[in-house]
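Shown below: data_28.csv, with CSV, C-alpha atoms.
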```
chain,number,residue,atom,x,y,z
A,1,MET,CA,38.5,1.8,188.0
A,2,MET,CA,37.6,5.0,189.9
A,3,ASN,CA,39.1,8.3,188.6
A,4,ILE,CA,40.7,10.5,191.3
A,5,TYR,CA,41.8,14.1,190.6
A,6,LEU,CA,44.9,15.2,192.4
A,7,ALA,CA,45.1,19.0,193.0
A,8,TYR,CA,48.5,20.3,194.1
A,9,ALA,CA,51.2,22.9,193.5
A,10,PRO,CA,54.1,22.0,191.1
A,11,GLN,CA,56.5,22.5,194.1
A,12,ASP,CA,54.9,19.4,195.7
A,13,ASP,CA,55.3,17.2,192.6
A,14,ALA,CA,57.4,14.5,194.5
A,15,ARG,CA,54.7,14.2,197.2
A,16,ALA,CA,52.0,14.1,194.6
A,17,GLU,CA,53.7,11.2,192.9
A,18,GLU,CA,53.9,9.4,196.3
A,19,VAL,CA,50.1,9.8,196.8
A,20,ARG,CA,49.5,8.8,193.2
A,21,ARG,CA,51.3,5.5,193.7
A,22,ILE,CA,49.5,4.8,196.9
A,23,LEU,CA,46.1,5.3,195.3
A,24,LEU,CA,47.1,3.4,192.2
A,25,ALA,CA,48.1,0.4,194.4
A,26,GLN,CA,44.6,0.5,195.8
A,27,GLY,CA,43.0,0.1,192.4
A,28,TYR,CA,42.2,3.8,191.8
A,29,ARG,CA,43.1,5.8,188.7
A,30,PRO,CA,44.7,9.0,190.0
A,31,TRP,CA,45.1,11.9,187.5
A,32,ARG,CA,47.8,14.5,188.4
A,33,ASP,CA,47.9,17.6,186.3
A,34,PRO,CA,49.0,20.6,188.3
A,35,GLN,CA,49.8,22.9,185.3
A,36,PRO,CA,47.3,25.0,183.6
A,37,ALA,CA,46.8,24.4,179.9
A,38,GLY,CA,48.6,27.7,179.1
A,39,GLU,CA,45.6,29.2,177.3
A,40,SER,CA,42.5,31.1,178.1
A,41,GLU,CA,40.4,28.0,178.3
A,42,TRP,CA,42.6,26.3,180.9
A,43,HIS,CA,39.7,26.1,183.3
A,44,ALA,CA,37.5,24.1,180.8
A,45,GLY,CA,39.9,21.2,180.7
A,46,MET,CA,40.3,21.3,184.5
A,47,GLU,CA,36.5,21.3,184.9
A,48,ALA,CA,36.0,18.4,182.5
A,49,ALA,CA,38.6,16.3,184.3
A,50,ILE,CA,37.1,17.0,187.7
A,51,GLN,CA,33.6,16.1,186.4
A,52,ALA,CA,34.9,12.8,185.2
A,53,ALA,CA,36.4,12.0,188.6
A,54,ARG,CA,34.7,10.4,191.6
A,55,ALA,CA,36.7,12.4,194.2
A,56,LEU,CA,39.4,15.1,194.5
A,57,VAL,CA,42.4,14.9,196.8
A,58,VAL,CA,44.1,18.3,197.5
A,59,LEU,CA,47.6,18.4,198.9
A,60,VAL,CA,47.7,21.3,201.3
A,61,SER,CA,51.0,23.2,201.6
A,62,PRO,CA,52.1,26.8,201.6
A,63,ALA,CA,52.5,26.6,197.8
A,64,SER,CA,49.1,25.1,197.1
A,65,ALA,CA,47.4,27.5,199.6
A,66,THR,CA,48.4,30.4,197.4
A,67,SER,CA,47.8,28.7,194.0
A,68,ILE,CA,44.8,30.0,192.1
A,69,TYR,CA,44.7,26.8,190.1
A,70,VAL,CA,44.6,24.5,193.1
A,71,THR,CA,42.0,26.7,194.8
A,72,TYR,CA,39.9,26.7,191.6
A,73,ALA,CA,40.1,22.9,191.3
A,74,TRP,CA,39.0,22.0,194.8
A,75,SER,CA,36.4,24.7,195.0
A,76,PHE,CA,34.9,23.6,191.7
A,77,ALA,CA,34.8,20.0,193.0
A,78,VAL,CA,32.9,21.2,196.1
A,79,GLY,CA,30.4,23.0,193.9
A,80,ALA,CA,30.0,19.9,191.7
A,81,GLY,CA,29.2,17.8,194.7
A,82,LEU,CA,32.4,15.6,194.7
A,83,PRO,CA,33.9,14.5,197.9
A,84,VAL,CA,37.1,16.5,198.6
A,85,PHE,CA,39.9,15.0,200.7
A,86,ALA,CA,42.6,17.4,202.1
A,87,LEU,CA,46.0,15.9,202.8
A,88,ILE,CA,48.0,18.2,205.0
A,89,LEU,CA,51.6,18.1,203.8
A,90,GLU,CA,52.7,21.2,205.7
A,91,PRO,CA,50.8,23.7,207.9
A,92,ALA,CA,49.5,26.6,205.7
A,93,PRO,CA,46.9,29.4,205.8
A,94,GLU,CA,43.9,27.6,204.5
A,95,HIS,CA,40.7,28.7,202.9
A,96,PRO,CA,37.9,28.4,205.6
A,97,ARG,CA,35.9,26.1,203.3
A,98,LEU,CA,38.7,23.4,203.4
A,99,GLN,CA,38.0,23.0,207.1
A,100,PHE,CA,34.7,21.2,206.1
A,101,THR,CA,36.3,18.7,203.8
A,102,HIS,CA,37.6,15.2,204.8
A,103,ARG,CA,41.0,16.0,206.4
A,104,TYR,CA,44.1,13.9,207.0
A,105,ASP,CA,47.1,15.1,208.9
A,106,PRO,CA,50.2,12.8,209.2
A,107,GLY,CA,51.2,14.9,212.2
A,108,ASP,CA,48.3,13.3,214.2
A,109,PHE,CA,50.1,9.9,213.9
A,110,SER,CA,53.3,8.7,215.5
A,111,ASP,CA,53.9,6.3,212.7
A,112,GLU,CA,53.7,7.1,209.0
A,113,ASN,CA,52.6,3.6,208.0
A,114,ARG,CA,49.7,3.9,210.4
A,115,PHE,CA,48.7,7.2,208.9
A,116,TRP,CA,48.6,5.8,205.3
A,117,ASP,CA,46.7,2.7,206.5
A,118,HIS,CA,44.1,5.0,208.1
A,119,PHE,CA,43.9,7.3,205.0
A,120,VAL,CA,43.5,4.4,202.6
A,121,GLU,CA,40.8,2.7,204.7
A,122,ASP,CA,38.8,5.9,205.3
A,123,PHE,CA,39.2,7.1,201.7
A,124,LYS,CA,37.8,3.9,200.5
A,125,ARG,CA,34.9,4.0,202.9
A,126,GLN,CA,34.0,7.6,202.2
A,127,THR,CA,34.2,7.3,198.4
A,128,GLU,CA,32.1,4.1,198.4
A,129,ALA,CA,29.5,5.8,200.6
A,130,HIS,CA,29.4,8.8,198.3
A,131,ALA,CA,29.1,6.6,195.2
A,132,VAL,CA,25.9,5.1,196.6
A,133,LYS,CA,24.4,8.5,197.1
A,134,ARG,CA,25.5,10.0,193.9
A,135,LYS,CA,23.7,9.3,190.7
A,136,PRO,CA,26.2,8.8,187.9
A,137,LEU,CA,26.1,11.1,184.9
A,138,ALA,CA,24.7,9.4,181.9
A,139,ARG,CA,26.8,9.5,178.8
A,140,PRO,CA,24.8,10.7,175.7
A,141,PRO,CA,24.6,7.9,173.2
A,142,ASP,CA,27.0,8.1,170.3
A,143,ASP,CA,24.0,8.3,167.9
A,144,ALA,CA,22.5,11.3,169.8
A,145,PRO,CA,21.8,14.3,167.5
A,146,ILE,CA,25.0,16.4,167.0
A,147,ASP,CA,24.8,20.2,166.9
A,148,LYS,CA,26.7,21.1,163.6
A,149,SER,CA,25.9,24.8,163.7
A,150,VAL,CA,29.7,25.3,163.6
A,151,MET,CA,31.4,23.9,160.6
A,152,PRO,CA,34.8,24.5,159.0
A,153,THR,CA,34.8,26.6,155.8
A,154,GLU,CA,38.4,26.4,154.7
A,155,ALA,CA,39.2,23.5,152.3
A,156,GLY,CA,40.9,20.5,154.0
A,157,TYR,CA,40.5,17.8,156.6
A,158,TRP,CA,39.1,18.8,160.0
A,159,LEU,CA,38.2,17.5,163.4
A,160,VAL,CA,35.5,19.4,165.3
A,161,MET,CA,34.9,18.9,169.0
A,162,ARG,CA,31.1,18.4,169.5
A,163,ARG,CA,31.3,17.4,173.2
A,164,GLY,CA,34.2,17.9,175.6
A,165,PRO,CA,36.2,20.7,177.2
A,166,LEU,CA,36.4,22.9,174.0
A,167,VAL,CA,33.0,22.6,172.3
A,168,ASN,CA,33.1,23.7,168.6
A,169,GLN,CA,36.9,23.9,168.6
A,170,LEU,CA,38.1,23.2,165.0
A,171,PHE,CA,41.4,21.2,164.4
A,172,HIS,CA,42.8,21.5,160.9
A,173,LEU,CA,44.6,18.3,159.9
A,174,GLU,CA,47.6,19.5,157.9
A,175,ARG,CA,50.2,16.7,158.5
A,176,GLU,CA,50.4,13.2,157.1
A,177,VAL,CA,50.5,11.8,160.7
A,178,VAL,CA,48.6,13.5,163.5
A,179,ASN,CA,48.8,12.4,167.1
A,180,LEU,CA,46.0,13.2,169.6
A,181,GLY,CA,46.1,13.0,173.3
A,182,ARG,CA,46.4,14.8,176.7
A,183,ASP,CA,50.2,15.2,176.6
A,184,LEU,CA,51.5,18.5,175.2
A,185,ALA,CA,53.8,16.6,172.8
A,186,ASN,CA,50.7,15.7,170.7
A,187,ASP,CA,49.7,17.6,167.6
A,188,ILE,CA,46.2,17.9,169.0
A,189,VAL,CA,46.0,18.3,172.8
A,190,ILE,CA,42.8,17.6,174.6
A,191,ARG,CA,42.9,18.2,178.4
A,192,ASP,CA,40.3,15.7,179.6
A,193,SER,CA,40.8,12.9,182.1
A,194,GLN,CA,39.1,10.4,179.7
A,195,VAL,CA,41.8,11.2,177.1
A,196,SER,CA,45.0,9.2,177.5
A,197,ARG,CA,48.4,10.9,177.2
A,198,PHE,CA,48.8,9.5,173.7
A,199,HIS,CA,45.3,8.4,172.8
A,200,LEU,CA,45.1,7.9,169.0
A,201,ARG,CA,46.9,8.5,165.7
A,202,LEU,CA,45.5,9.7,162.3
A,203,THR,CA,47.5,8.8,159.2
A,204,LEU,CA,46.7,10.1,155.8
A,205,ARG,CA,46.3,7.3,153.3
A,206,GLY,CA,45.1,8.2,149.8
A,207,ASP,CA,42.2,10.5,150.0
A,208,ASP,CA,41.3,10.1,153.7
A,209,TYR,CA,42.8,9.6,157.1
A,210,ARG,CA,42.9,6.3,158.9
A,211,LEU,CA,42.5,6.2,162.7
A,212,GLU,CA,44.3,4.0,165.1
A,213,ASP,CA,43.8,3.8,168.9
A,214,LEU,CA,47.1,3.7,170.7
A,215,GLY,CA,46.1,1.4,173.5
A,216,SER,CA,44.2,4.1,175.4
A,217,SER,CA,42.7,3.5,178.8
A,218,ASN,CA,39.1,4.5,177.9
A,219,GLY,CA,39.0,3.5,174.2
A,220,THR,CA,37.9,5.1,171.0
A,221,ARG,CA,34.6,4.5,169.1
A,222,VAL,CA,33.8,5.5,165.5
A,223,ASN,CA,30.0,5.8,164.9
A,224,GLY,CA,29.5,3.9,168.1
A,225,ALA,CA,31.7,0.9,167.2
A,226,PRO,CA,34.9,0.3,169.2
A,227,THR,CA,38.0,0.5,167.1
A,228,SER,CA,40.6,-2.2,166.4
A,229,GLY,CA,43.7,-1.6,164.4
A,230,GLN,CA,43.6,1.0,161.7
A,231,ILE,CA,40.2,2.0,160.3
A,232,GLY,CA,39.4,4.4,157.5
A,233,LEU,CA,37.4,7.5,158.2
A,234,ASN,CA,34.6,9.0,156.1
A,235,ASP,CA,33.3,12.5,155.9
A,236,GLY,CA,30.9,13.1,158.9
A,237,ASP,CA,32.1,10.2,161.0
A,238,ALA,CA,31.7,10.6,164.8
A,239,ILE,CA,34.7,9.8,166.9
A,240,ALA,CA,34.0,9.2,170.6
A,241,ILE,CA,36.8,9.3,173.1
A,242,GLY,CA,36.0,7.7,176.5
A,243,GLU,CA,32.7,9.0,178.0
A,244,THR,CA,33.2,12.7,177.6
A,245,VAL,CA,34.7,13.7,174.2
A,246,LEU,CA,33.0,13.5,170.8
A,247,LEU,CA,34.6,14.7,167.6
A,248,THR,CA,33.4,14.7,164.0
A,249,TYR,CA,35.6,14.2,161.0
A,250,ASP,CA,34.6,16.8,158.4
A,251,LEU,CA,35.9,17.4,154.9
A,252,VAL,CA,35.7,20.7,153.0
A,253,TYR,CA,36.4,20.3,149.3
A,254,GLN,CA,38.2,22.8,147.1
A,255,ASP,CA,35.9,24.8,144.9
```
Could you write out this structure as structure tokens?
Amino acid sequence: MMNIYLAYAPQDDARAEEVRRILLAQGYRPWRDPQPAGESEWHAGMEAAIQAARALVVLVSPASATSIYVTYAWSFAVGAGLPVFALILEPAPEHPRLQFTHRYDPGDFSDENRFWDHFVEDFKRQTEAHAVKRKPLARPPDDAPIDKSVMPTEAGYWLVMRRGPLVNQLFHLEREVVNLGRDLANDIVIRDSQVSRFHLRLTLRGDDYRLEDLGSSNGTRVNGAPTSGQIGLNDGDAIAIGETVLLTYDLVYQD
């Protein structure tokens, strides 16, 4: 299933949901996330999500034309060599570079259904043509050497991001149950398109945590092996999420 990044302003949320459903019905996996992460590294999560996508659809409106987040998203996609598709929701002052993307304006059609038929057909044709030309990024093997120059020093249980949007970020596990995913309701939030909204759960049992994948779209692997049910973690285990995120489970013992 092909990942598609939707770039739009929050004011256009209802229209973004309409586009998401149309793409979903065609077998794509559209990811809509108009809000910044609310931290200085917001751009890192956005970049990781776009790099994991095969195309970007930007919804053009007066609100999106003035949004620094929307502009950052589609311009980063252009720089990364992804095909960018501009859907004109409303006339708006546009960045000149958008004029050179694939453009679709419902106002050019007398019937809305004809417009969406045209968009779906051309979108499929363009993305398939681009996929033939674009060499996919190879995922590093799970057993590839891991840079452990950054390690936790405070006693306790830790996850350390070794690959992903926040490399070398340390997550201290302080609760008996820790949920990890893309949704802000999780204890550990990772803004990456390969991470499901609620991806996995860690539960402290005895002296170590146990990991359980929560039916994620892209799966979880521990030391290269896909997980099933709850599995116990050991110091130094490598936890891979989808194709882009790698964490290590590290313990620091009390002196």
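Residue nearest Val252 in chain A, chosen from A:Val167, A:Val84, A:Leu173, A:Ala92 and counting all atoms listed in the file: A:Leu173.
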### Message
Show me, as a list in words, the residues that have an atom within 7 Å of range 67-70 of chain A when counting all atoms listed in the file, minus same-chain residues fewer than 4 positions from it.
### Response
Ala7, Tyr8, Ala9, Ala63 and Trp74 of chain A
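From CA of Gln51 in chain A back to CA of Glu243 in chain A, the distance works out to 11.0 Å.
CA of Tyr28 in chain A to CA of Ser75 in chain A spans 21.9 Å [interatomic distance, one decimal].
Using only C-alpha atoms, the nearest neighbour of Ile231 in chain A within the list A:His118, A:Arg103, A:Arg125, A:Arg210 is A:Arg210.
The list of residues with at least one atom within 12 Å of Arg221 in chain A, based on all atoms listed in the file and without residues fewer than 5 positions apart in the same chain, reads A:Pro141, A:Asp142, A:Asp143, A:His199, A:Leu200, A:Leu211, A:Glu212, A:Asp213, A:Ser216, A:Pro226, A:Thr227, A:Ser228, A:Gly229, A:Ile231, A:Leu233, A:Asp237, A:Ala238, A:Ile239, A:Ala240, A:Ile241, A:Gly242, A:Glu243, A:Thr244, A:Val245, A:Leu246, A:Leu247, A:Thr248.
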### Message
Calculated over all atoms listed in the file, which of the candidates A:Ile190, A:Ala225, A:Leu184, A:Val177 has the smallest distance to Ala48 in chain A?
### Response
A:Ile190
### Message
Residues near Ala52 in chain A, anyone? I mean within 10 Å using all atoms listed in the file, not counting same-chain ones fewer than 5 positions away, as JSON, numbers by chain.
### Response
{"A": [2, 3, 4, 5, 47, 136, 137, 192, 193, 194, 243, 244]}
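Distance check against Asp207 in chain A using only C-alpha atoms: of A:Val58, A:Ala25, A:Ala129, A:Leu251, the minimum falls on A:Leu251.
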#### Entry: Distance query Leu89 in chain A at most 7 Å, all atoms listed in the file, self and fewer than 5 positions along chain excluded, as a list in words
Leu59, Val60 and Ser61 of chain A
### Message
As an exercise, work out the distance from CA of Met46 in chain A to CA of Tyr157 in chain A in Å and give it to one decimal place.
### Response
28.1 Å
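Proximity to His95 in chain A was assessed for A:Asn186, A:Leu204, A:Gly224, A:Thr66 counting only C-alpha atoms; the smallest distance is recorded for A:Thr66.
Near Asn234 in chain A, within 9 Å and counting all atoms listed in the file, sit Asp208, Tyr209, Tyr249, Asp250 and Leu251 of chain A; same-chain residues fewer than 5 positions away were not included.
Distances to Asn223 in chain A were evaluated for A:Arg175, A:Pro106, A:Trp116, A:Ala144 using all atoms listed in the file, and the minimum falls at A:Ala144.
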